[in-house]
Structures are given as structure tokens and as C-alpha cells.
Amino acid sequence: MTERNQVNEQSKDKNLEPFRKEVGEHLTSNEGIGIPNTDDSLKAGDRGPTLLEDFHLREKMTHFDRERIPERVVHARGTGIHGYFQPYESLVDLTKAKFLQDPSVKTPVFVRFSTVAGFRGSADTVRDVRGFAVKFYTEDGNYDMVGNNIPVFFIQDGIKFPDVVHALKPEPHNEMPQAAAAHDNFWDFISLVPESMHMIMWILSDRTLPRSYRMMQGFGVHTFRFVNEQGKARFVKFHWKPLLGVHSFVWDEAQKLAGKDPDYHRRDMWEAIEKGDYPEYELGVQIIEEEDEFKFDFDILDATKIIPEELVPVRPIGKMVLNRNPENFFAETEQVAFQPSHVVPGIDYSNDPLLQARLMSYHDTQEHRLGSANFEHLPINRPVCPVHNNQRDGFMQMNIYQGKTNYYPNSLGGGCPMTSPEAMAGYAHYMEKVEGHKIRQRSKSFSDHFTQATLFWNSLSAPEKEHLVKAAHFELGKVESKEVRQRMVENFNHVDHELAKLIAMGIGVPAPTHAATQNHGQSSPAVSIENMPKPNTIKTRRIGILAADGFDYSQLSAIKQALEGAGALPEVVSKFKGKIKSADGQEVEVSKTFLTSASVMFDAIYVPGGKQSIETLKKEADVIEFINDALKHYKAIAATGEGVDLLMMAPDVKLIGLDKQQSNGHLSSQKGVITSRNPSDINSVAQDFVQAITMHRHWTRTQPEVNLPQSEAKVKIVST
Ligand code: HEM
């Protein structure tokens, strides 16, 4: 058996090295023949027809004709990044997985974040689940953790996956709408499948509008198994937590971004990595002893259920750092093939019927999508440890196998490759005892579809509840069938009566008169984004500084410096690219214009004073919209000197009760809007502004539009 080398952070990079191809100096055909002219085809005569013998034309054209491969049937739109994973301590007690044994070992990873519903070219910021797939290139082979940013799923059994995806994707007769669940077919299916209600609550929440792939959680969803060296197994659930905190867009912002910058999330990740702002995620596990399998009032094999963190705490076990962009999107991000079935010794499956179907589906689709049984030879998919077997031939075989034998057992090839004993990283399936009749039916333990949907609703803060109701108004408001809308209200009435009434109000169907199921009043605070501790940082946040010629240099530079000092990325936005000159003759570079950017591309905005600058900006309709959007989207805003006058022109400034009197005076911090006309306040403005940006959003800016019952966030959760 070939020795397995210890893996380090560079192992995958080295493994890719032989496949890197430089652009050469001179053009050749695929056969290496020099090509002196690639602009004119070979013709018979000056104006004559093109000749079939033009091998260069034929090759160039036929290769081009075959450049596209099928996109992923789901999760077609995505972005990939290299990085590494490092455990905090040895998990030897829990698992024999090699990459979880030694805190000094960095295991290379490739991660792909994705949306689910949209085509490959669809917009990034649509309302959708996000995929969070991690390939660990471990010493014992590739381990793929193919998760999502929502901890539960639509369905309980994989056999329904084609149905839910058909219902979700654009409707078959007219292929509309793109990358959106807001249509009849999706809600028709959901209204008939109550097991989806818990997932639907998450889908309608802010979870489906992540501010960044760098600021969202990831979940393994299914219950898996850890198995240690002694053969003892425990159930495990995986959680990724971003160290930048969890943050979301508001719906209006996400929709505008989909037009202004459809690549928003892809660009956000790419630029962060290029700047050296490497995103970090902590991996955590919930461990459930085998003897506790049945102690919950839900089935841990049911993927429509969470195990509330208050019941089983999440233990942080290590950190993933993403630090290298791919060199070629197609070769790496498009050709990478994740499979939940890719496990290493120490990690095993559970009998979750959703997971069980996934175990076959990914390999199957990848043979189709990548066109060959040999897709594992592709550089991005190759493990960093040795691979030896008798799988041979097939389309696009990349290896030149040596020797005479290709079967097992053999004596003529010295018996190689021999089987790998467990002691030499041979994978042994966990010996779970299983017996039963062959049946095609759902376990009774999977039959409660509403308790955790209610738990989720009860756990949200008032603004989160408001967003959810408005999301339902949008999604179901797009549904033409009244019967479908009515059925959905009936389903919501099992989750919470008030919720059902609020939703009914916006979608033109009668509200239910009484609760179908009584709300149990329990909650799990950990599921609310607003309940999570907000890291005290504005690192990597983008701040737009609106200015024109004649701006106040000392104000602008003081705020800019404070923002940069805190790790944020301030950018000057003006009418034209180039440079603008301050009142005292100093120049600053303009990074973006009102045409090439928009309020939605920034986390906060600042307007420095300077009489001439403000007079110019006042004449720009785009500028008022810029400020107004930031107000509407609950973002931190600062204005100093005459900049306050510009802020006052935004219609929504009334929402923050910032009247002229207050703003005329000294420092004022009002619902995330910081103003002062007094130059000596500039450092306090900077300080308050930084603090306001750490809050991400200032929900107190408006009164809730829908009259929500106050959340009774009882910290009691589903009993065991
Ligand atoms: C039975 C249920 C499911 C089936 C049959 C299924 C099937 C698929 C298929 C066929 C793909 C495309 C793979 C490719 O072309 O490489 C895919 C991608 C993906 N699925 Fe699922 N899926 C299921 C449920 C789930 C669940 C529950 C999750 C999350 C836990 C999930 C997460 C993902 C992710 C993240 C990707 C994208 C992987 C990438 O970035 O390449 N899927 N799924």
C-alpha cells in the first residue's frame, strides 16, 4: 500500500500544479501546428467560398461549439474559493477522521457557495437558499460537507426532490420566473406538502437575503455520524458560523442589487479575497449520544427539524479560512463535484431518507454534467492522497495505467492494488443493526410538521417577523390561484393564528377565524439573526462618501481615516470618475460615480460638508435617491457641516424625526443617523458612525407597517 503523506495547507495547490497552463507566446492548433493567421478563413479566391480543408477554422469552430456543459440541475449559480481548515483541538474521542486529530494540521479546502433555483447566469441577490459546500482534501481522501445556509429542508424523503425542484424552477410552459419562488407552481406544491412549513418559515425570513457569503451560516442539515477509533459512534450535526457575524439585506435592497450588480455576492467574495480580507468560519458540532436518539419529541432523522441549540449546544471544533481565488472559473468552480456520499473514515451517514437519496443523486448527475465516468480525474476533484483501483477506461481517461493486471484478486500484478485494511485508512461502514419489512411509507415519527415552524416564528424579533410577513405578501401576492393562496393561509394557521391573519390580509383571501393549532409559546433564541451577538467590527464594510468639487477636506479625511482604521472600505462617489478638488485645493480620487454605483452597494454613507460640493450634489436627483435608499434600508448615515442640508432633502428623513432644529446644533445620533455642523465634533461623529455601522441595520427607524403581536421570546424550548 502506498504511504499516505500528511496533508498541509499547500497540498491541494501542489496537486494542481502539473495542470496549470501558461498562455504561450505563439498561437498553435491543438496539434501544435503554428497558426500565422486566425482572422481570415481559407477561401477559394479573393471573394470565394470557404474551403473545407481549413483545419484551423474547423478546429476553432468545433471546439467553440462544444464549450458549454450542462449547468447543475440545481445550485447552478455559484462561486468557489480555496482555503484551509484547522481544528482547535484533537477530536480523537469522537472521530478518527484524520483532519480532526491534530490542531497543527491545516487541511486544504475548496468551497462553493451557490443559489439553488436560478440558472447559471441569474442574479446573486434573489430570495433563495444558499448552498455552502466544502470539499476537504484530507490525508484519507476527499470529504465533502455539502450543506446549505438554512438548517432544515423542504421535504423529508429524497424521492420528492424532483417534484420540489420542478415546482420551484421556472414554470415549464413559459420558463418564468427566473430564480424566484414567487409563482403558482411553487406555492401550489408547498400548499399540498405541509412537511415543508418549517423550511418555508426560514425561506420567508431574512436568511434567504444574506448580505454576503462571508456573513451567513452554513449547516450540514442531516444528522451524520462520528465514529472513533474504538468503533463507538455518535450522531452529529454540523454548523458553520461566520466570524464577521450573520447579516442580511432588506428585500427592496436585494431586488435593486439584482439589477445594479447581478454578480454582487460573487464580486463581494472575490474582492475580499483579493484585498486579503479572508473570511473565516467556525465549524461547530452538536453531538448526540446513540442512547439519546429517541429522547427528542421529533425524529433526528427528519431533515425538516433542527435540534435546538438550547437543547444540544454547538461545540466549536475548528476554523476555516478562505484565502485564494480560483485561477480559472470553469476548471475549478464549474467542474468541482461535491457529493454528500464522499466521506472519510470517522464520518458516516445516518438513515435520514433525504440524505440516503442524495447519496446516489450527486454522482449520477455529475457523470451526466461533466460528461464522463472519469470526472474525478479533473484537477479540482483529485484527492491529495494516492488513488489506486481497477476502475479503467471510459471517456476522457487521463491516466496511463502501467502493468498487465486490472482486476482483483490477481497474482500477476503482485496482488496490487490490495485492499486497504482499516488500520491503513480502509473505510469500514458503521455496523448499525438494521432489520424491518420492506415498506414504502413515512415513519410516524416524521408526522409533526408545525411545532418547529411555530418555534421559529416565536423566536424572531419584531422586525424579523415583519419582514417574514411582508415576504409572504410578496411571494403569495404573485400567485394567481386564489385556492393556492387560501391553502397556504390554512397551513400558516397551523403555525400561528396571528401570522395567518397577517398574511391573509395582504394576499386577498379571508383570514381564518380561529387557530387551527394553538401556538405552544416556546422559542429557540439561537435561530434569530437579531438575537445573535453582533461582532463589534465594521471590517470589510463598504461606505460611500458622497462629494463633489469644493468638499471639506478635513471632514472627509477625518471620517475616511476613522473608517479605514476600523477596517472598513470607504469609497468616494461623485458625478464623474477622476479627481475632485476640496475647498482648500486638495484632490481626492473618485472610485465610483452615481452612474456606476448605487446606495444599495454600500453598507453606510457619509456626506462631508463644503458649500460648493453640497450645492452641486443638491442638483443631482441620483444623490437624493442615494441618501433616501440608505434611510429606507435602515443603514448608518453620517453628515457633517453643510452635508446635513443635503441629508435633509431626502424625503424619508422624517422617519427618523430629525428635524431642522436638532440637525442645526451639535452632534446628534438619531436611529443610526449621525449629524453635526460643528467641525470640532468630527471625531465624535466618526466614533458614533463606526458604532452605528456595527449595528448593521437600525430597525427602530420606522414603525412596523403590520401590527405584530410582541414576540414573547420565552427561553423555554421544545421539551425532551
Ligand atoms: C434528496 C434531496 C436532494 C437531492 C436529490 C439533491 C440533488 C442535487 C444535485 C443533483 C445537485 C447538483 C450537483 C452537481 O451537478 O454537481 C445538487 C447540488 C447541491 N445540493 Fe443538493 N440535493 C438534495 C438536497 C440537498 C440538501 C438537503 C442540501 C443541503 C444540505 C443540498 C445542498 C446542495 C448543494 C450545496 C449543492 C451545490 C454543490 C455545488 O456547489 O456544486 N442539497 N443537489
# chains A, B, ... in the order shown; residues from 1 in each chain; ligands from 1
$ residues_near_ligand --ligand "ligand 1" --cutoff "7 Å" --atoms "only C-alpha atoms and all ligand atoms" --output "PyMOL selection string"
chain A and resi 72-75+78+112-114+131-133+146-148+153+157-159+161+219-222+336-338+354-355+357-358+361-362+365-366+369
$ select_by_dssp --residues "region 270-492 of chain A" --states "alpha helix (DSSP H)" --output "PyMOL selection string"
chain A and resi 270-275+353-369+451-459+462-477+482-492
$ closest_residue --among "A:His388, A:Ile543, A:Lys534, A:Ser191" --to "Cys416 (chain A)" --atoms "only C-alpha atoms"
A:His388
$ residues_around --residues "Ile637 (chain A)" --least-positions-apart "6" --cutoff "6 Å" --atoms "only C-alpha atoms" --output "number ranges by chain"
A: 604-606, 673
$ closest_residue --among "A:Pro417, A:Pro326, A:Pro533, A:Gly550" --to "Ile273 (chain A)" --atoms "only C-alpha atoms"
A:Pro326
$ residues_around --residues "Arg130 (chain A)" --least-positions-apart "3" --cutoff "12 Å" --atoms "only C-alpha atoms" --output "mmCIF file with N, CA and C atoms, in the first residue's frame"
data_model
loop_
_atom_site.group_PDB
_atom_site.id
_atom_site.type_symbol
_atom_site.label_atom_id
_atom_site.label_comp_id
_atom_site.auth_asym_id
_atom_site.auth_seq_id
_atom_site.Cartn_x
_atom_site.Cartn_y
_atom_site.Cartn_z
ATOM 1 N N VAL A 74 -29.598 21.831 -10.035
ATOM 2 C CA VAL A 74 -29.896 22.842 -9.006
ATOM 3 C C VAL A 74 -28.557 23.448 -8.591
ATOM 4 N N HIS A 75 -28.593 24.563 -7.912
ATOM 5 C CA HIS A 75 -27.360 25.240 -7.477
ATOM 6 C C HIS A 75 -26.458 25.580 -8.666
ATOM 7 N N ALA A 76 -27.060 26.004 -9.782
ATOM 8 C CA ALA A 76 -26.272 26.249 -10.997
ATOM 9 C C ALA A 76 -25.391 27.485 -10.857
ATOM 10 N N ARG A 77 -25.851 28.451 -10.085
ATOM 11 C CA ARG A 77 -25.136 29.720 -9.951
ATOM 12 C C ARG A 77 -24.289 29.687 -8.690
ATOM 13 N N GLY A 78 -22.987 29.834 -8.827
ATOM 14 C CA GLY A 78 -22.182 29.769 -7.608
ATOM 15 C C GLY A 78 -20.813 30.377 -7.772
ATOM 16 N N THR A 79 -20.111 30.432 -6.669
ATOM 17 C CA THR A 79 -18.748 30.968 -6.701
ATOM 18 C C THR A 79 -17.855 30.139 -5.784
ATOM 19 N N ARG A 112 -17.712 26.030 -2.384
ATOM 20 C CA ARG A 112 -18.568 26.668 -3.401
ATOM 21 C C ARG A 112 -19.872 27.109 -2.744
ATOM 22 N N PHE A 113 -20.130 28.417 -2.846
ATOM 23 C CA PHE A 113 -21.397 28.984 -2.372
ATOM 24 C C PHE A 113 -22.302 29.144 -3.587
ATOM 25 N N SER A 114 -23.597 28.977 -3.389
ATOM 26 C CA SER A 114 -24.474 28.982 -4.559
ATOM 27 C C SER A 114 -25.884 29.413 -4.193
ATOM 28 N N THR A 115 -26.654 29.769 -5.220
ATOM 29 C CA THR A 115 -28.102 29.865 -5.053
ATOM 30 C C THR A 115 -28.685 28.574 -5.618
ATOM 31 N N VAL A 116 -29.936 28.280 -5.331
ATOM 32 C CA VAL A 116 -30.487 26.978 -5.709
ATOM 33 C C VAL A 116 -31.275 27.034 -7.016
ATOM 34 N N ALA A 117 -32.165 28.023 -7.112
ATOM 35 C CA ALA A 117 -33.188 27.950 -8.153
ATOM 36 C C ALA A 117 -32.722 28.499 -9.501
ATOM 37 N N GLY A 118 -31.912 29.541 -9.476
ATOM 38 C CA GLY A 118 -31.616 30.280 -10.703
ATOM 39 C C GLY A 118 -30.686 29.548 -11.652
ATOM 40 N N ASP A 124 -27.375 37.204 -8.148
ATOM 41 C CA ASP A 124 -26.934 36.636 -6.876
ATOM 42 C C ASP A 124 -27.875 36.926 -5.710
ATOM 43 N N THR A 125 -28.555 38.086 -5.738
ATOM 44 C CA THR A 125 -29.215 38.518 -4.503
ATOM 45 C C THR A 125 -30.706 38.180 -4.448
ATOM 46 N N VAL A 126 -31.124 37.207 -5.214
ATOM 47 C CA VAL A 126 -32.536 36.791 -5.194
ATOM 48 C C VAL A 126 -32.869 36.123 -3.843
ATOM 49 N N ARG A 127 -34.174 36.067 -3.533
ATOM 50 C CA ARG A 127 -34.558 35.334 -2.311
ATOM 51 C C ARG A 127 -34.423 33.842 -2.586
ATOM 52 N N ALA A 133 -21.034 24.427 0.221
ATOM 53 C CA ALA A 133 -20.420 23.111 0.010
ATOM 54 C C ALA A 133 -18.914 23.205 0.225
ATOM 55 N N VAL A 146 -21.688 18.960 2.185
ATOM 56 C CA VAL A 146 -22.491 19.664 1.171
ATOM 57 C C VAL A 146 -23.752 20.209 1.845
ATOM 58 N N GLY A 147 -23.623 21.412 2.379
ATOM 59 C CA GLY A 147 -24.695 21.957 3.200
ATOM 60 C C GLY A 147 -25.359 23.174 2.593
ATOM 61 N N ASN A 148 -26.247 23.759 3.354
ATOM 62 C CA ASN A 148 -26.969 24.968 2.961
ATOM 63 C C ASN A 148 -26.869 26.005 4.072
ATOM 64 N N ASN A 149 -27.374 27.212 3.797
ATOM 65 C CA ASN A 149 -27.367 28.242 4.849
ATOM 66 C C ASN A 149 -28.658 28.228 5.668
ATOM 67 N N ILE A 150 -29.459 27.200 5.480
ATOM 68 C CA ILE A 150 -30.676 27.001 6.275
ATOM 69 C C ILE A 150 -30.599 25.585 6.837
ATOM 70 N N PRO A 151 -30.898 25.399 8.131
ATOM 71 C CA PRO A 151 -30.605 24.102 8.754
ATOM 72 C C PRO A 151 -31.628 23.000 8.500
ATOM 73 N N PHE A 153 -34.847 21.335 5.580
ATOM 74 C CA PHE A 153 -35.116 21.216 4.144
ATOM 75 C C PHE A 153 -36.619 21.131 3.897
ATOM 76 N N TRP A 202 -38.278 29.631 7.282
ATOM 77 C CA TRP A 202 -36.886 30.104 7.108
ATOM 78 C C TRP A 202 -36.727 30.817 5.756
ATOM 79 N N ILE A 203 -37.388 30.254 4.727
ATOM 80 C CA ILE A 203 -37.266 30.834 3.382
ATOM 81 C C ILE A 203 -37.816 32.266 3.357
ATOM 82 N N ARG A 207 -33.015 35.094 6.286
ATOM 83 C CA ARG A 207 -31.939 34.126 5.988
ATOM 84 C C ARG A 207 -31.684 33.979 4.494
ATOM 85 N N THR A 208 -32.729 34.194 3.709
ATOM 86 C CA THR A 208 -32.581 33.992 2.259
ATOM 87 C C THR A 208 -32.110 35.255 1.540
ATOM 88 N N LEU A 209 -31.735 36.273 2.335
ATOM 89 C CA LEU A 209 -31.207 37.505 1.727
ATOM 90 C C LEU A 209 -29.852 37.838 2.353
ATOM 91 N N PRO A 210 -28.871 36.921 2.300
ATOM 92 C CA PRO A 210 -27.612 37.205 3.010
ATOM 93 C C PRO A 210 -26.907 38.439 2.439
ATOM 94 N N ARG A 211 -26.355 39.254 3.312
ATOM 95 C CA ARG A 211 -25.589 40.437 2.879
ATOM 96 C C ARG A 211 -24.356 39.997 2.089
ATOM 97 N N SER A 212 -23.831 38.836 2.459
ATOM 98 C CA SER A 212 -22.595 38.374 1.832
ATOM 99 C C SER A 212 -22.458 36.884 2.124
ATOM 100 N N TYR A 213 -21.769 36.175 1.230
ATOM 101 C CA TYR A 213 -21.441 34.782 1.553
ATOM 102 C C TYR A 213 -20.516 34.735 2.771
ATOM 103 N N ARG A 214 -19.873 35.876 3.040
ATOM 104 C CA ARG A 214 -18.953 35.941 4.175
ATOM 105 C C ARG A 214 -19.699 36.154 5.487
ATOM 106 N N MET A 215 -20.999 36.407 5.374
ATOM 107 C CA MET A 215 -21.780 36.745 6.566
ATOM 108 C C MET A 215 -23.026 35.870 6.678
ATOM 109 N N MET A 216 -22.888 34.598 6.378
ATOM 110 C CA MET A 216 -24.034 33.701 6.569
ATOM 111 C C MET A 216 -23.562 32.393 7.203
ATOM 112 N N GLN A 217 -24.495 31.753 7.890
ATOM 113 C CA GLN A 217 -24.173 30.463 8.498
ATOM 114 C C GLN A 217 -24.256 29.341 7.468
ATOM 115 N N GLY A 218 -23.724 28.208 7.809
ATOM 116 C CA GLY A 218 -23.886 27.009 6.984
ATOM 117 C C GLY A 218 -24.306 25.871 7.895
ATOM 118 N N PHE A 219 -25.019 24.908 7.334
ATOM 119 C CA PHE A 219 -25.500 23.773 8.140
ATOM 120 C C PHE A 219 -25.379 22.495 7.317
ATOM 121 N N HIS A 265 -22.709 39.025 -4.955
ATOM 122 C CA HIS A 265 -22.079 38.142 -3.960
ATOM 123 C C HIS A 265 -20.759 37.574 -4.465
#
$ atom_distance --atom1 "CA of Glu483 (chain A)" --atom2 "CA of Asp188 (chain A)"
8.7 Å
$ atom_distance --atom1 "CA of Glu195 (chain A)" --atom2 "CA of Ser447 (chain A)"
7.9 Å
$ select_by_dssp --residues "region 374-596 of chain A" --states "strand (DSSP E or B)" --output "count of residues only"
23
$ atom_distance --atom1 "CA of Glu59 (chain A)" --atom2 "CA of Gly24 (chain A)"
18.4 Å
$ residues_around --residues "region 568-570 of chain A" --least-positions-apart "4" --cutoff "6 Å" --atoms "only C-alpha atoms" --output "list in words"
Ile538, Lys539, Thr540, Arg541, Arg542, Ile543, Gly544, Leu563 and Glu564 of chain A
